[in-house]
>>> print(open('protein.cif').read())   # mmCIF, N, CA and C atoms
data_work
#
loop_
_atom_site.label_atom_id
_atom_site.label_comp_id
_atom_site.auth_asym_id
_atom_site.auth_seq_id
_atom_site.Cartn_x
_atom_site.Cartn_y
_atom_site.Cartn_z
N MET R 664 78.46 28.98 -33.40
CA MET R 664 78.44 30.28 -32.76
C MET R 664 78.42 31.41 -33.78
N GLN R 665 79.14 31.24 -34.84
CA GLN R 665 79.20 32.31 -35.81
C GLN R 665 77.83 32.56 -36.43
N LYS R 666 77.08 31.51 -36.67
CA LYS R 666 75.76 31.67 -37.27
C LYS R 666 74.83 32.43 -36.33
N ALA R 667 74.88 32.14 -35.06
CA ALA R 667 74.05 32.83 -34.08
C ALA R 667 74.44 34.30 -33.98
N GLU R 668 75.74 34.58 -34.03
CA GLU R 668 76.22 35.96 -33.98
C GLU R 668 75.76 36.74 -35.21
N MET R 669 75.79 36.09 -36.37
CA MET R 669 75.37 36.75 -37.61
C MET R 669 73.88 37.06 -37.57
N GLU R 670 73.07 36.16 -37.02
CA GLU R 670 71.63 36.38 -36.94
C GLU R 670 71.32 37.56 -36.03
N THR R 671 71.98 37.64 -34.89
CA THR R 671 71.74 38.76 -33.99
C THR R 671 72.21 40.07 -34.61
N ARG R 672 73.32 40.00 -35.34
CA ARG R 672 73.83 41.21 -36.02
C ARG R 672 72.84 41.68 -37.08
N GLU R 673 72.28 40.72 -37.83
CA GLU R 673 71.28 41.07 -38.85
C GLU R 673 70.05 41.69 -38.21
N LYS R 674 69.63 41.17 -37.07
CA LYS R 674 68.46 41.71 -36.38
C LYS R 674 68.73 43.14 -35.93
N ARG R 675 69.93 43.40 -35.41
CA ARG R 675 70.27 44.76 -35.00
C ARG R 675 70.29 45.71 -36.18
N GLU R 676 70.83 45.28 -37.31
CA GLU R 676 70.89 46.12 -38.49
C GLU R 676 69.49 46.43 -39.01
N VAL R 677 68.62 45.43 -39.01
CA VAL R 677 67.25 45.65 -39.46
C VAL R 677 66.55 46.62 -38.52
N SER R 678 66.77 46.47 -37.21
CA SER R 678 66.11 47.35 -36.26
C SER R 678 66.61 48.78 -36.39
N ILE R 679 67.84 48.98 -36.84
CA ILE R 679 68.36 50.33 -37.05
C ILE R 679 67.62 51.01 -38.20
N PHE R 680 67.38 50.26 -39.27
CA PHE R 680 66.74 50.83 -40.45
C PHE R 680 65.23 50.91 -40.33
N LYS R 681 64.66 50.06 -39.54
CA LYS R 681 63.21 50.03 -39.41
C LYS R 681 62.81 50.73 -38.11
N GLN R 682 62.70 52.04 -38.17
CA GLN R 682 62.33 52.82 -37.00
C GLN R 682 60.80 52.83 -36.87
N PRO R 683 60.29 52.76 -35.66
CA PRO R 683 58.84 52.82 -35.50
C PRO R 683 58.33 54.22 -35.84
N GLN R 684 57.17 54.25 -36.47
CA GLN R 684 56.57 55.53 -36.83
C GLN R 684 56.03 56.21 -35.58
N PRO R 685 56.26 57.49 -35.44
CA PRO R 685 55.74 58.18 -34.26
C PRO R 685 54.22 58.30 -34.35
N THR R 686 53.57 58.18 -33.23
CA THR R 686 52.12 58.33 -33.17
C THR R 686 51.80 59.81 -33.11
N ILE R 687 50.91 60.25 -33.99
CA ILE R 687 50.53 61.66 -34.03
C ILE R 687 49.24 61.81 -33.25
N PHE R 688 49.29 62.63 -32.23
CA PHE R 688 48.11 62.90 -31.42
C PHE R 688 47.56 64.26 -31.81
N MET R 689 46.26 64.30 -32.04
CA MET R 689 45.60 65.56 -32.35
C MET R 689 44.71 65.95 -31.18
N SER R 690 44.63 67.24 -30.94
CA SER R 690 43.75 67.71 -29.89
C SER R 690 42.30 67.48 -30.31
N ARG R 691 41.40 67.54 -29.37
CA ARG R 691 39.98 67.34 -29.69
C ARG R 691 39.50 68.38 -30.69
N LYS R 692 39.95 69.61 -30.52
CA LYS R 692 39.52 70.68 -31.43
C LYS R 692 40.01 70.39 -32.85
N LEU R 693 41.24 69.94 -32.98
CA LEU R 693 41.79 69.63 -34.30
C LEU R 693 41.08 68.42 -34.90
N GLN R 694 40.73 67.45 -34.07
CA GLN R 694 39.98 66.29 -34.56
C GLN R 694 38.62 66.71 -35.09
N ARG R 695 37.98 67.65 -34.40
CA ARG R 695 36.67 68.13 -34.85
C ARG R 695 36.79 68.88 -36.17
N LEU R 696 37.85 69.64 -36.34
CA LEU R 696 38.04 70.39 -37.58
C LEU R 696 38.33 69.47 -38.75
N ARG R 697 38.90 68.29 -38.49
CA ARG R 697 39.22 67.35 -39.55
C ARG R 697 38.08 66.35 -39.82
N ASP R 698 36.98 66.46 -39.09
CA ASP R 698 35.85 65.55 -39.24
C ASP R 698 34.92 66.07 -40.34
N HIS R 699 34.61 65.20 -41.33
CA HIS R 699 33.78 65.60 -42.46
C HIS R 699 32.34 65.90 -42.03
N ASP R 700 31.88 65.28 -40.96
CA ASP R 700 30.51 65.55 -40.51
C ASP R 700 30.39 66.90 -39.82
N ILE R 701 31.47 67.40 -39.27
CA ILE R 701 31.42 68.66 -38.54
C ILE R 701 31.88 69.83 -39.41
N ASN R 702 32.92 69.63 -40.20
CA ASN R 702 33.48 70.70 -41.03
C ASN R 702 33.11 70.46 -42.49
N PRO R 703 32.14 71.21 -43.01
CA PRO R 703 31.73 71.00 -44.39
C PRO R 703 32.72 71.55 -45.41
N CYS R 704 33.62 72.39 -44.99
CA CYS R 704 34.54 73.06 -45.91
C CYS R 704 35.96 72.50 -45.82
N LEU R 705 36.07 71.26 -45.45
CA LEU R 705 37.38 70.62 -45.30
C LEU R 705 38.17 70.59 -46.61
N PRO R 706 37.57 70.25 -47.76
CA PRO R 706 38.36 70.28 -49.00
C PRO R 706 38.84 71.68 -49.37
N GLU R 707 38.02 72.69 -49.12
CA GLU R 707 38.42 74.06 -49.41
C GLU R 707 39.56 74.50 -48.50
N ALA R 708 39.49 74.10 -47.23
CA ALA R 708 40.57 74.44 -46.29
C ALA R 708 41.87 73.76 -46.70
N ASP R 709 41.78 72.50 -47.10
CA ASP R 709 42.97 71.77 -47.54
C ASP R 709 43.56 72.40 -48.80
N ASP R 710 42.69 72.80 -49.74
CA ASP R 710 43.16 73.42 -50.98
C ASP R 710 43.89 74.73 -50.69
N SER R 711 43.35 75.54 -49.79
CA SER R 711 44.00 76.81 -49.47
C SER R 711 45.35 76.59 -48.78
N ARG R 712 45.41 75.56 -47.91
CA ARG R 712 46.68 75.24 -47.25
C ARG R 712 47.72 74.75 -48.26
N LYS R 713 47.29 73.92 -49.19
CA LYS R 713 48.21 73.43 -50.22
C LYS R 713 48.71 74.57 -51.10
N CYS R 714 47.82 75.49 -51.41
CA CYS R 714 48.22 76.65 -52.22
C CYS R 714 49.26 77.48 -51.47
N MET R 715 49.04 77.67 -50.20
CA MET R 715 50.01 78.44 -49.41
C MET R 715 51.37 77.74 -49.39
N ASP R 716 51.36 76.42 -49.28
CA ASP R 716 52.62 75.68 -49.29
C ASP R 716 53.33 75.82 -50.63
N LYS R 717 52.55 75.73 -51.72
CA LYS R 717 53.15 75.82 -53.06
C LYS R 717 53.69 77.21 -53.37
N SER R 718 52.98 78.23 -52.90
CA SER R 718 53.35 79.61 -53.25
C SER R 718 54.28 80.24 -52.23
N ASN R 719 54.87 79.43 -51.36
CA ASN R 719 55.79 79.93 -50.34
C ASN R 719 55.12 80.99 -49.46
N TYR R 720 53.87 80.71 -49.10
CA TYR R 720 53.08 81.54 -48.19
C TYR R 720 52.87 82.96 -48.70
N ASN R 721 52.67 83.06 -50.01
CA ASN R 721 52.29 84.33 -50.63
C ASN R 721 50.76 84.37 -50.67
N LYS R 722 50.16 85.16 -49.79
CA LYS R 722 48.71 85.20 -49.67
C LYS R 722 48.03 85.71 -50.93
N GLY R 723 48.68 86.60 -51.63
CA GLY R 723 48.09 87.15 -52.85
C GLY R 723 47.87 86.10 -53.92
N ALA R 724 48.72 85.11 -53.97
CA ALA R 724 48.60 84.06 -54.97
C ALA R 724 47.46 83.09 -54.66
N CYS R 725 46.98 83.09 -53.43
CA CYS R 725 45.96 82.12 -53.02
C CYS R 725 44.63 82.78 -52.69
N SER R 726 44.42 84.01 -53.11
CA SER R 726 43.20 84.72 -52.73
C SER R 726 41.94 84.03 -53.25
N ALA R 727 42.01 83.39 -54.41
CA ALA R 727 40.83 82.67 -54.94
C ALA R 727 40.46 81.50 -54.02
N TYR R 728 41.45 80.81 -53.49
CA TYR R 728 41.19 79.69 -52.58
C TYR R 728 40.59 80.20 -51.27
N PHE R 729 41.10 81.33 -50.78
CA PHE R 729 40.58 81.90 -49.54
C PHE R 729 39.13 82.34 -49.73
N LEU R 730 38.84 82.94 -50.87
CA LEU R 730 37.48 83.41 -51.15
C LEU R 730 36.51 82.22 -51.24
N ARG R 731 36.95 81.16 -51.87
CA ARG R 731 36.10 79.97 -51.98
C ARG R 731 35.83 79.38 -50.58
N TYR R 732 36.85 79.34 -49.73
CA TYR R 732 36.67 78.84 -48.37
C TYR R 732 35.71 79.74 -47.59
N LYS R 733 35.89 81.04 -47.73
CA LYS R 733 35.04 81.99 -47.03
C LYS R 733 33.59 81.86 -47.47
N ASN R 734 33.36 81.72 -48.77
CA ASN R 734 32.00 81.55 -49.28
C ASN R 734 31.39 80.22 -48.85
N CYS R 735 32.22 79.19 -48.77
CA CYS R 735 31.75 77.89 -48.29
C CYS R 735 31.28 78.00 -46.84
N ARG R 736 32.09 78.62 -46.02
CA ARG R 736 31.73 78.77 -44.60
C ARG R 736 30.45 79.61 -44.47
N ARG R 737 30.35 80.66 -45.26
CA ARG R 737 29.17 81.52 -45.21
C ARG R 737 27.92 80.73 -45.61
N PHE R 738 28.01 79.93 -46.68
CA PHE R 738 26.87 79.15 -47.15
C PHE R 738 26.41 78.15 -46.10
N TRP R 739 27.36 77.34 -45.57
CA TRP R 739 26.96 76.31 -44.61
C TRP R 739 26.58 76.90 -43.26
N ASN R 740 27.10 78.05 -42.91
CA ASN R 740 26.67 78.72 -41.68
C ASN R 740 25.21 79.16 -41.81
N GLY R 741 24.84 79.65 -43.00
CA GLY R 741 23.44 80.03 -43.23
C GLY R 741 22.51 78.82 -43.13
N ILE R 742 22.93 77.70 -43.69
CA ILE R 742 22.15 76.46 -43.59
C ILE R 742 22.02 76.05 -42.12
N MET R 743 23.12 76.13 -41.39
CA MET R 743 23.13 75.74 -39.98
C MET R 743 22.20 76.65 -39.16
N MET R 744 22.24 77.95 -39.41
CA MET R 744 21.37 78.86 -38.67
C MET R 744 19.89 78.61 -39.00
N GLN R 745 19.61 78.32 -40.27
CA GLN R 745 18.23 78.03 -40.66
C GLN R 745 17.73 76.76 -39.97
N ARG R 746 18.56 75.73 -39.93
CA ARG R 746 18.16 74.48 -39.26
C ARG R 746 17.98 74.71 -37.76
N ARG R 747 18.84 75.53 -37.17
CA ARG R 747 18.71 75.83 -35.74
C ARG R 747 17.40 76.56 -35.47
N ASN R 748 17.05 77.53 -36.32
CA ASN R 748 15.80 78.26 -36.16
C ASN R 748 14.58 77.36 -36.35
N ASP R 749 14.70 76.36 -37.24
CA ASP R 749 13.60 75.44 -37.49
C ASP R 749 13.54 74.31 -36.46
N GLY R 750 14.53 74.22 -35.59
CA GLY R 750 14.55 73.20 -34.54
C GLY R 750 15.02 71.85 -35.03
N ILE R 751 15.77 71.81 -36.13
CA ILE R 751 16.27 70.56 -36.67
C ILE R 751 17.61 70.24 -36.02
N LYS R 752 17.74 69.01 -35.55
CA LYS R 752 18.99 68.56 -34.94
C LYS R 752 19.60 67.48 -35.80
N PRO R 753 20.88 67.41 -35.97
CA PRO R 753 21.90 68.36 -35.55
C PRO R 753 21.86 69.62 -36.41
N ASP R 754 22.42 70.68 -35.86
CA ASP R 754 22.40 71.97 -36.55
C ASP R 754 23.11 71.88 -37.90
N MET R 755 24.27 71.27 -37.93
CA MET R 755 25.02 71.11 -39.18
C MET R 755 24.62 69.79 -39.83
N PRO R 756 24.20 69.82 -41.09
CA PRO R 756 23.85 68.56 -41.76
C PRO R 756 25.07 67.63 -41.82
N THR R 757 24.80 66.34 -41.79
CA THR R 757 25.89 65.37 -41.89
C THR R 757 26.44 65.41 -43.32
N ALA R 758 27.55 64.75 -43.53
CA ALA R 758 28.19 64.74 -44.85
C ALA R 758 27.24 64.19 -45.91
N GLU R 759 26.49 63.16 -45.57
CA GLU R 759 25.54 62.57 -46.53
C GLU R 759 24.43 63.55 -46.87
N GLU R 760 23.91 64.24 -45.86
CA GLU R 760 22.86 65.24 -46.10
C GLU R 760 23.40 66.38 -46.96
N ARG R 761 24.62 66.80 -46.70
CA ARG R 761 25.21 67.90 -47.49
C ARG R 761 25.36 67.50 -48.95
N GLU R 762 25.74 66.25 -49.19
CA GLU R 762 25.85 65.78 -50.58
C GLU R 762 24.49 65.84 -51.27
N ARG R 763 23.43 65.45 -50.56
CA ARG R 763 22.08 65.51 -51.14
C ARG R 763 21.67 66.95 -51.40
N ILE R 764 21.99 67.85 -50.47
CA ILE R 764 21.65 69.27 -50.64
C ILE R 764 22.34 69.83 -51.87
N LEU R 765 23.63 69.55 -52.01
CA LEU R 765 24.38 70.06 -53.17
C LEU R 765 23.90 69.42 -54.46
N ALA R 766 23.53 68.13 -54.42
CA ALA R 766 23.03 67.46 -55.62
C ALA R 766 21.68 68.06 -56.05
N SER R 767 20.85 68.43 -55.08
CA SER R 767 19.55 69.01 -55.43
C SER R 767 19.72 70.40 -56.04
N MET R 768 20.79 71.10 -55.68
CA MET R 768 21.05 72.42 -56.27
C MET R 768 21.65 72.31 -57.67
N GLY R 769 22.26 71.18 -57.95
CA GLY R 769 22.84 70.96 -59.27
C GLY R 769 24.26 71.45 -59.42
N ARG R 770 24.73 72.27 -58.52
CA ARG R 770 26.09 72.78 -58.57
C ARG R 770 26.49 73.23 -57.17
N ILE R 771 27.75 73.49 -57.00
CA ILE R 771 28.24 74.00 -55.72
C ILE R 771 28.01 75.51 -55.72
N PRO R 772 27.26 76.03 -54.76
CA PRO R 772 26.89 77.46 -54.79
C PRO R 772 27.99 78.41 -54.32
N TYR R 773 29.14 77.95 -54.10
CA TYR R 773 30.21 78.85 -53.62
C TYR R 773 31.45 78.70 -54.42
#
>>> encode(input="protein.cif", output="structure tokens")
Amino acid sequence: MQKAEMETREKREVSIFKQPQPTIFMSRKLQRLRDHDINPCLPEADDSRKCMDKSNYNKGACSAYFLRYKNCRRFWNGIMMQRRNDGIKPDMPTAEERERILASMGRIPY
């Protein structure tokens, strides 16, 4: 009996320390913003968020990151509008297409 009691006690102790991880649900809009095929400026957005976290939300310290994100959005919005005017679908190039576009330019234009 003692061995059975010890095994159940060990199981309870393990279950106390091993809590299940909560499932994080994202809204559809948030999922779209985190998708590399839809949001071409995801690394710039992440960099600006990290800067804000590091600088205790001092916007002045992160202005370079904000400007880079703004220029990224402006660049890819222009590409998207040009593709829309030319009748190319999808309007926003996929992540693979964007890599080819940036490689053909030789550098990141923003």
>>> atom_distance(input="protein.cif", atom1="atom C of Ser767 (chain R)", atom2="atom C of Arg695 (chain R)")
26.2 Å
>>> atom_distance(input="protein.cif", atom1="CA of Tyr732 (chain R)", atom2="CA of Ile701 (chain R)")
15.1 Å
>>> closest_residue(input="protein.cif", among="R:Lys692, R:Pro703, R:Tyr773, R:Leu765", to="Ala727 (chain R)", atoms="only C-alpha atoms")
R:Tyr773
>>> residues_around(input="protein.cif", residues="region 705-709 of chain R", least_positions_apart="4", cutoff="6.5 Å", atoms="all atoms listed in the file", output="list in words")
Lys713, Cys714, Tyr728, Arg731 and Tyr732 of chain R
>>> atom_distance(input="protein.cif", atom1="atom N of Asp700 (chain R)", atom2="CA of Tyr720 (chain R)")
27.7 Å
>>> axis_aligned_box(input="protein.cif", around="region 756-764 of chain R", padding_each_side="5 Å", output="AutoDock Vina command-line options")
--center_x 24.9 --center_y 66.2 --center_z -46.5 --size_x 16.5 --size_y 17.3 --size_z 20.8
>>> residues_around(input="protein.cif", residues="region 733-745 of chain R", least_positions_apart="5", cutoff="6.5 Å", atoms="only N, CA and C atoms", output="MDAnalysis selection string")
chainID R and resid 704 728 750 754:756 773
